[in-house]
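Have a look at work-v3.cif; it's mmCIF, C-alpha atoms:
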data_input
#
loop_
_atom_site.label_atom_id
_atom_site.label_comp_id
_atom_site.auth_asym_id
_atom_site.auth_seq_id
_atom_site.Cartn_x
_atom_site.Cartn_y
_atom_site.Cartn_z
CA MET A 9 162.36 232.81 108.16
CA SER A 10 160.97 232.29 104.66
CA SER A 11 157.71 230.35 104.88
CA VAL A 12 158.32 228.96 101.38
CA ASN A 13 161.78 227.66 102.28
CA PHE A 14 160.46 226.32 105.58
CA GLU A 15 157.74 224.32 103.85
CA LYS A 16 160.17 223.06 101.21
CA ALA A 17 162.58 222.02 103.95
CA ALA A 18 159.81 220.12 105.76
CA ILE A 19 158.98 218.21 102.56
CA ASP A 20 162.63 217.35 101.95
CA ILE A 21 163.27 216.29 105.55
CA ARG A 22 160.20 214.07 105.52
CA TYR A 23 161.43 212.53 102.24
CA LEU A 24 164.80 211.68 103.81
CA LEU A 25 163.23 210.34 107.01
CA ASP A 26 160.97 208.07 104.97
CA ARG A 27 164.12 206.60 103.45
CA GLY A 28 165.78 205.87 106.76
CA TYR A 29 168.05 208.86 107.22
CA PRO A 30 168.74 209.82 110.87
CA GLN A 31 166.67 212.80 111.94
CA LYS A 32 169.56 215.00 113.05
CA SER A 33 171.48 214.47 109.83
CA ALA A 34 168.39 215.03 107.67
CA VAL A 35 167.45 218.25 109.46
CA ASN A 36 170.98 219.65 109.41
CA PHE A 37 171.54 218.81 105.75
CA VAL A 38 168.26 220.26 104.52
CA CYS A 39 168.38 223.38 106.71
CA ALA A 40 171.92 224.11 105.53
CA HIS A 41 170.69 223.79 101.93
CA TYR A 42 167.88 226.30 102.50
CA ARG A 43 170.03 228.48 104.77
CA LEU A 44 167.65 228.17 107.68
CA GLY A 45 168.77 229.21 111.15
CA GLU A 46 168.86 227.44 114.50
CA GLU A 47 165.27 228.31 115.39
CA SER A 48 164.00 226.69 112.18
CA ARG A 49 166.20 223.63 112.69
CA TYR A 50 164.87 223.09 116.18
CA LEU A 51 161.28 223.60 115.10
CA LEU A 52 161.58 221.24 112.14
CA SER A 53 163.19 218.59 114.35
CA ARG A 54 160.10 218.78 116.58
CA ILE A 55 157.31 218.80 114.02
CA VAL A 56 158.49 216.77 111.01
CA LEU A 57 158.39 212.97 111.21
CA SER A 58 158.44 210.08 108.80
CA HIS A 59 155.09 208.88 107.50
CA GLU A 60 155.60 205.52 109.20
CA VAL A 61 156.18 207.03 112.65
CA SER A 62 153.25 209.39 112.23
CA TRP A 63 150.86 206.64 111.12
CA LYS A 64 151.91 204.30 113.94
CA ARG A 65 151.37 206.93 116.61
CA ARG A 66 148.04 208.11 115.25
CA ALA A 67 146.85 204.49 115.14
CA LYS A 68 148.04 203.85 118.69
CA PHE A 69 146.24 206.73 120.39
CA LEU A 70 143.18 205.74 122.36
CA PRO A 71 140.01 207.80 121.83
CA CYS A 72 139.69 210.66 124.30
CA ASP A 73 136.59 209.11 125.88
CA LYS A 74 138.58 206.05 126.99
CA ILE A 75 139.75 208.17 129.92
CA ASP A 76 136.26 207.74 131.41
CA GLY A 77 136.50 205.05 134.08
CA GLY A 78 140.19 204.36 133.47
CA GLY A 79 143.33 205.27 135.36
CA ILE A 80 145.55 207.94 133.78
CA ILE A 81 149.13 208.95 134.52
CA ILE A 82 150.24 212.37 133.30
CA ASP A 83 153.70 213.52 132.23
CA GLY A 84 153.29 216.57 134.45
CA TYR A 85 155.73 219.16 133.16
CA ASN A 86 155.38 217.98 129.58
CA ILE A 87 151.60 218.48 129.59
CA ILE A 88 151.52 221.64 131.72
CA ILE A 89 154.23 223.37 129.65
CA GLY A 90 152.51 222.18 126.48
CA LEU A 91 149.22 223.78 127.50
CA GLU A 92 150.99 226.94 128.66
CA SER A 93 152.54 227.11 125.20
CA ILE A 94 149.13 226.71 123.56
CA LEU A 95 147.85 229.62 125.63
CA ASP A 96 150.92 231.61 124.51
CA LYS A 97 150.38 230.62 120.85
CA LYS A 98 153.77 228.91 120.87
CA ALA A 99 152.74 225.28 120.41
CA TYR A 100 152.81 223.50 117.08
CA LEU A 101 150.76 220.73 115.50
CA CYS A 102 153.19 218.00 114.44
CA ASP A 103 153.03 215.31 111.75
CA ASP A 104 151.86 212.65 114.23
CA GLY A 105 148.92 214.79 115.34
CA VAL A 106 150.60 215.69 118.63
CA ILE A 107 150.75 219.30 119.80
CA ARG A 108 154.24 220.17 121.04
CA ASP A 109 155.82 223.22 122.58
CA ILE A 110 159.17 224.56 121.43
CA LYS A 111 160.47 225.33 124.92
CA GLY A 112 161.55 221.90 126.02
CA ILE A 113 161.59 221.02 129.70
CA SER A 114 164.29 222.88 131.58
CA ARG A 115 165.52 222.63 135.14
CA ASN A 116 165.05 226.40 135.17
CA TYR A 117 161.29 226.07 134.62
CA LYS A 118 159.31 228.60 136.61
CA VAL A 119 155.60 228.93 137.22
CA SER A 120 154.18 231.61 134.91
CA GLU A 121 150.95 233.60 134.73
CA ASN A 122 149.53 230.86 132.49
CA THR A 123 150.42 227.96 134.78
CA GLU A 124 147.30 228.15 136.94
CA THR A 125 145.06 228.53 133.87
CA ALA A 126 146.73 225.51 132.25
CA ILE A 127 146.34 223.38 135.38
CA ASP A 128 142.71 224.39 135.83
CA LEU A 129 141.90 223.47 132.20
CA ILE A 130 143.62 220.09 132.60
CA LEU A 131 141.72 219.34 135.79
CA GLN A 132 138.40 220.56 134.39
CA PHE A 133 138.89 218.22 131.44
CA LEU A 134 139.72 215.33 133.78
CA LYS A 135 136.71 216.07 136.00
CA GLU A 136 134.41 215.96 132.97
CA ASN A 137 135.95 212.68 131.77
CA ASN A 138 135.74 210.95 135.15
CA PRO A 139 138.91 208.82 135.36
CA SER A 140 138.97 206.21 138.12
CA TYR A 141 142.40 207.49 139.17
CA VAL A 142 144.73 210.29 138.04
CA CYS A 143 148.41 210.75 138.85
CA PHE A 144 150.67 213.65 137.86
CA LEU A 145 154.39 212.79 137.70
CA LEU A 146 156.86 215.66 138.06
CA ASP A 147 160.62 215.53 137.53
CA SER A 148 162.18 215.88 140.99
CA GLN A 149 165.28 217.54 139.51
CA ILE A 150 163.25 220.61 138.51
CA SER A 151 163.16 223.31 141.17
CA LYS A 152 160.08 223.47 143.40
CA SER A 153 158.55 220.28 141.97
CA GLY A 154 157.46 219.30 145.45
CA LEU A 155 155.52 222.54 145.87
CA LEU A 156 153.81 222.11 142.51
CA ALA A 157 152.94 218.50 143.38
CA GLY A 158 151.34 219.76 146.60
CA THR A 159 149.31 222.34 144.70
CA LEU A 160 148.11 219.67 142.27
CA ARG A 161 147.14 217.30 145.09
CA GLY A 162 145.08 220.04 146.68
CA LYS A 163 143.25 220.83 143.44
CA ILE A 164 142.67 217.13 142.72
CA SER A 165 141.09 216.73 146.15
CA GLU A 166 138.96 219.89 145.79
CA LEU A 167 137.44 218.53 142.58
CA GLY A 168 136.61 215.21 144.21
CA LEU A 169 138.92 213.25 141.95
CA LYS A 170 140.74 210.19 143.20
CA GLY A 171 144.42 210.66 142.54
CA ASP A 172 147.85 211.92 143.43
CA ALA A 173 150.71 214.14 142.28
CA ARG A 174 154.26 213.19 143.09
CA THR A 175 157.85 213.75 142.10
CA SER A 176 160.11 211.14 140.56
CA LYS A 177 163.76 210.85 139.57
CA HIS A 178 162.80 208.62 136.64
CA VAL A 179 159.59 210.02 135.17
CA ASP A 180 160.20 208.61 131.68
CA TYR A 181 160.67 205.05 132.99
CA ASP A 182 157.61 205.32 135.23
CA LEU A 183 155.48 206.44 132.28
CA LYS A 184 156.78 203.84 129.83
CA SER A 185 156.19 201.00 132.29
CA SER A 186 152.81 202.17 133.61
CA LYS A 187 149.68 200.09 133.13
CA TYR A 188 147.56 203.23 133.27
CA ILE A 189 146.69 205.34 130.23
CA VAL A 190 149.67 207.62 129.64
CA ALA A 191 149.31 211.32 128.76
CA SER A 192 152.49 212.71 127.20
CA SER A 193 153.61 214.50 124.05
CA ASP A 194 157.07 212.91 124.20
CA GLY A 195 157.51 210.72 121.12
CA VAL A 196 159.70 208.13 122.86
CA ILE A 197 157.16 207.69 125.65
CA ILE A 198 154.29 207.48 123.16
CA ASP A 199 156.12 204.75 121.25
CA GLU A 200 156.98 202.65 124.30
CA ALA A 201 154.01 203.05 126.64
CA GLU A 202 151.35 200.34 126.53
CA LYS A 203 148.36 202.69 126.40
CA VAL A 204 148.51 206.34 125.35
CA VAL A 205 146.12 209.19 124.68
CA ASN A 206 146.81 212.33 122.64
CA PHE A 207 146.02 214.40 125.70
CA LEU A 208 146.66 217.97 124.55
CA SER A 209 144.69 217.36 121.37
CA CYS A 210 141.83 216.01 123.50
CA ILE A 211 141.88 219.22 125.55
CA VAL A 212 141.94 221.43 122.46
CA PHE A 213 139.03 219.44 121.00
CA ARG A 214 137.08 220.00 124.24
CA PHE A 215 137.93 223.68 124.67
CA VAL A 216 137.51 224.85 121.11
CA HIS A 217 138.74 228.39 121.79
CA LEU A 218 142.21 226.89 122.15
CA GLU A 219 142.27 225.60 118.58
CA GLU A 220 143.14 228.99 117.10
CA ARG A 221 146.11 229.19 119.47
CA VAL A 222 147.78 226.09 118.01
CA VAL A 223 150.27 226.99 115.29
CA ARG A 224 150.09 225.02 112.08
CA ALA A 225 153.54 225.64 110.68
CA ILE A 226 152.89 223.35 107.72
CA ASP A 227 149.40 223.18 106.23
#
Rewritten as structure tokens:
Amino acid sequence: MSSVNFEKAAIDIRYLLDRGYPQKSAVNFVCAHYRLGEESRYLLSRIVLSHEVSWKRRAKFLPCDKIDGGGIIIDGYNIIIGLESILDKKAYLCDDGVIRDIKGISRNYKVSENTETAIDLILQFLKENNPSYVCFLLDSQISKSGLLAGTLRGKISELGLKGDARTSKHVDYDLKSSKYIVASSDGVIIDEAEKVVNFLSCIVFRFVHLEERVVRAID
């Protein structure tokens, strides 16, 4: 993948998005022009956004310290996989300031060697920021979600946090309609939830050694 063509494609896609073109059409058209492959198309569709969308999301995010004393509901797989990807140096900083993985959430998701590290970092961050309540939501359609929820509940209790971890058949709806602060990197959830925090960025800001593991595909 040519870095020059990739950066040019990002500029052109952003130009089209700013003028109202649908994302899929803009990405396909520009990537075909620069002869970029499927990997580049997928990556650009994740990281490049219109200026309007980016500005609105950045303005909506609550400061990280607002977690202190507040209730927070966490898009479990989204955040855990995102932090795993940061540890693997496979997460990207996107136009809206959100760090996203390029794996996507799959029903074939399996716990990896980085899963425990990711969970421990998330919980350490939460412990330091003292939420009044924390809840992890996990998609019940993903294999062994119940076991992971049980593991999370045990760790939450060990740290003396008040909270829960549970499975749901409609995680997206639960997050969008929650009155708690929502932690997710999913753009649709960020746009529709009442209160949101840029959770992975908050973690990277706290644990500065993670910053070098976030890929900046477009500087």
field: Residue members of the PyMOL selection byres ((chain A and resi 129) around 10) in the file shown, as an MDAnalysis selection string
entry: chainID A and resid 88 91 123:128 130:135 211:212 214:215
Go ahead and save the residues from that selection, with C-alpha atoms, as a PDB file, in the coordinates of the input.
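Okay, this is what ended up in again_18.pdb:
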ATOM      1  CA  ILE A  88     151.520 221.640 131.720  1.00  0.00           C
ATOM      2  CA  LEU A  91     149.220 223.780 127.500  1.00  0.00           C
ATOM      3  CA  THR A 123     150.420 227.960 134.780  1.00  0.00           C
ATOM      4  CA  GLU A 124     147.300 228.150 136.940  1.00  0.00           C
ATOM      5  CA  THR A 125     145.060 228.530 133.870  1.00  0.00           C
ATOM      6  CA  ALA A 126     146.730 225.510 132.250  1.00  0.00           C
ATOM      7  CA  ILE A 127     146.340 223.380 135.380  1.00  0.00           C
ATOM      8  CA  ASP A 128     142.710 224.390 135.830  1.00  0.00           C
ATOM      9  CA  ILE A 130     143.620 220.090 132.600  1.00  0.00           C
ATOM     10  CA  LEU A 131     141.720 219.340 135.790  1.00  0.00           C
ATOM     11  CA  GLN A 132     138.400 220.560 134.390  1.00  0.00           C
ATOM     12  CA  PHE A 133     138.890 218.220 131.440  1.00  0.00           C
ATOM     13  CA  LEU A 134     139.720 215.330 133.780  1.00  0.00           C
ATOM     14  CA  LYS A 135     136.710 216.070 136.000  1.00  0.00           C
ATOM     15  CA  ILE A 211     141.880 219.220 125.550  1.00  0.00           C
ATOM     16  CA  VAL A 212     141.940 221.430 122.460  1.00  0.00           C
ATOM     17  CA  ARG A 214     137.080 220.000 124.240  1.00  0.00           C
ATOM     18  CA  PHE A 215     137.930 223.680 124.670  1.00  0.00           C
TER      19      PHE A 215
END
message: My list of candidates is A:Leu155, A:Ala191, A:Cys102, A:Leu95. Which is closest to Glu220 in chain A when distances are computed with all atoms listed in the file?
response: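 Of the candidates, the smallest distance to Glu220 in chain A is held by A:Leu95.
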Per residue of range 83-119 of chain A within 12 Å of range 167-177 of chain A, what are the shortest atom pair and its distance in Å to one decimal, counting only C-alpha atoms, with rows by chain and residue number, as a Markdown table?
| residue | atom | partner | partner_atom | distance |
| --- | --- | --- | --- | --- |
| A:Asp83 | CA | A:Ala173 | CA | 10.5 |
| A:Gly84 | CA | A:Ala173 | CA | 8.6 |
| A:Tyr85 | CA | A:Thr175 | CA | 10.7 |
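Interatomic distance, CA of Leu146 in chain A against CA of Ile82 in chain A: 8.8 Å.
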message: What does the structure give for the distance between CA of Cys210 in chain A and CA of Asp103 in chain A, in Å to one decimal?
response: 16.2 Å
- prompt: So, counting only C-alpha atoms, which residue among A:Lys97, A:Gly158, A:Leu145, A:Arg66 is closest to Glu219 in chain A?
  reply: A:Lys97
- prompt: From the set A:Lys163, A:Lys184, A:His178, A:His41, which residue has the shortest atom-to-atom contact distance to Lys16 in chain A, counting all atoms listed in the file?
  reply: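 Among the listed residues, the smallest separation from Lys16 in chain A belongs to A:His41.
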task: Convert the output of the PyMOL selection byres ((chain A and resi 25) around 12) on the shown file into explicit residues, formatted as a list in words.
output: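 Applied to this file, the PyMOL selection byres ((chain A and resi 25) around 12) selects Ala18, Ile19, Asp20, Ile21, Arg22, Tyr23, Leu24, Asp26, Arg27, Gly28, Tyr29, Pro30, Gln31, Lys32, Ser33, Ala34, Val35, Phe37, Val38, Ser53, Val56, Leu57, Ser58, His59, Glu60, Val61 and Ser62 of chain A.
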message: Please list as a list in words every residue within 10 Å of Ser151 in chain A, counting only C-alpha atoms and excluding residues in the same chain fewer than 2 positions away.
response: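 Contacts, in chain order: Ser114, Arg115, Asn116, Tyr117, Lys118, Asp147, Ser148, Gln149, Ser153, Gly154, Leu155 and Leu156 of chain A.
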Chain and number of each residue from the PyMOL selection byres ((chain A and resi 197-206) around 10), as a ChimeraX atom specification: /A:61,64-66,68-75,80-81,83,104-107,180-196,207-211
Go ahead and dump the residues you just picked, C-alpha atoms, as a short mmCIF file (atom, residue, chain, number, x, y, z; two decimals), in the frame of the given file.
data_model
loop_
_atom_site.label_atom_id
_atom_site.label_comp_id
_atom_site.auth_asym_id
_atom_site.auth_seq_id
_atom_site.Cartn_x
_atom_site.Cartn_y
_atom_site.Cartn_z
CA VAL A 61 156.18 207.03 112.65
CA LYS A 64 151.91 204.30 113.94
CA ARG A 65 151.37 206.93 116.61
CA ARG A 66 148.04 208.11 115.25
CA LYS A 68 148.04 203.85 118.69
CA PHE A 69 146.24 206.73 120.39
CA LEU A 70 143.18 205.74 122.36
CA PRO A 71 140.01 207.80 121.83
CA CYS A 72 139.69 210.66 124.30
CA ASP A 73 136.59 209.11 125.88
CA LYS A 74 138.58 206.05 126.99
CA ILE A 75 139.75 208.17 129.92
CA ILE A 80 145.55 207.94 133.78
CA ILE A 81 149.13 208.95 134.52
CA ASP A 83 153.70 213.52 132.23
CA ASP A 104 151.86 212.65 114.23
CA GLY A 105 148.92 214.79 115.34
CA VAL A 106 150.60 215.69 118.63
CA ILE A 107 150.75 219.30 119.80
CA ASP A 180 160.20 208.61 131.68
CA TYR A 181 160.67 205.05 132.99
CA ASP A 182 157.61 205.32 135.23
CA LEU A 183 155.48 206.44 132.28
CA LYS A 184 156.78 203.84 129.83
CA SER A 185 156.19 201.00 132.29
CA SER A 186 152.81 202.17 133.61
CA LYS A 187 149.68 200.09 133.13
CA TYR A 188 147.56 203.23 133.27
CA ILE A 189 146.69 205.34 130.23
CA VAL A 190 149.67 207.62 129.64
CA ALA A 191 149.31 211.32 128.76
CA SER A 192 152.49 212.71 127.20
CA SER A 193 153.61 214.50 124.05
CA ASP A 194 157.07 212.91 124.20
CA GLY A 195 157.51 210.72 121.12
CA VAL A 196 159.70 208.13 122.86
CA PHE A 207 146.02 214.40 125.70
CA LEU A 208 146.66 217.97 124.55
CA SER A 209 144.69 217.36 121.37
CA CYS A 210 141.83 216.01 123.50
CA ILE A 211 141.88 219.22 125.55
#
message: Taking only C-alpha atoms into account, name the residue in A:Val223, A:Trp63, A:Asp96, A:Gly77 that is nearest to Glu136 in chain A.
response: A:Gly77
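Distances from A:Glu15, A:Glu166, A:Glu46, A:Asp76 to Asn137 in chain A were compared using all atoms listed in the file, and the smallest one belongs to A:Asp76.
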- request: Please indicate the distance in Å from CA of Ile55 in chain A to CA of Arg108 in chain A, rounded to one decimal place.
  value: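 Going from CA of Ile55 in chain A over to CA of Arg108 in chain A, I get 7.8 Å.
Nearest to Ile89 in chain A of all the residues A:Val119, A:Val179, A:Val12, A:Ala17 is A:Val119, based on only C-alpha atoms.
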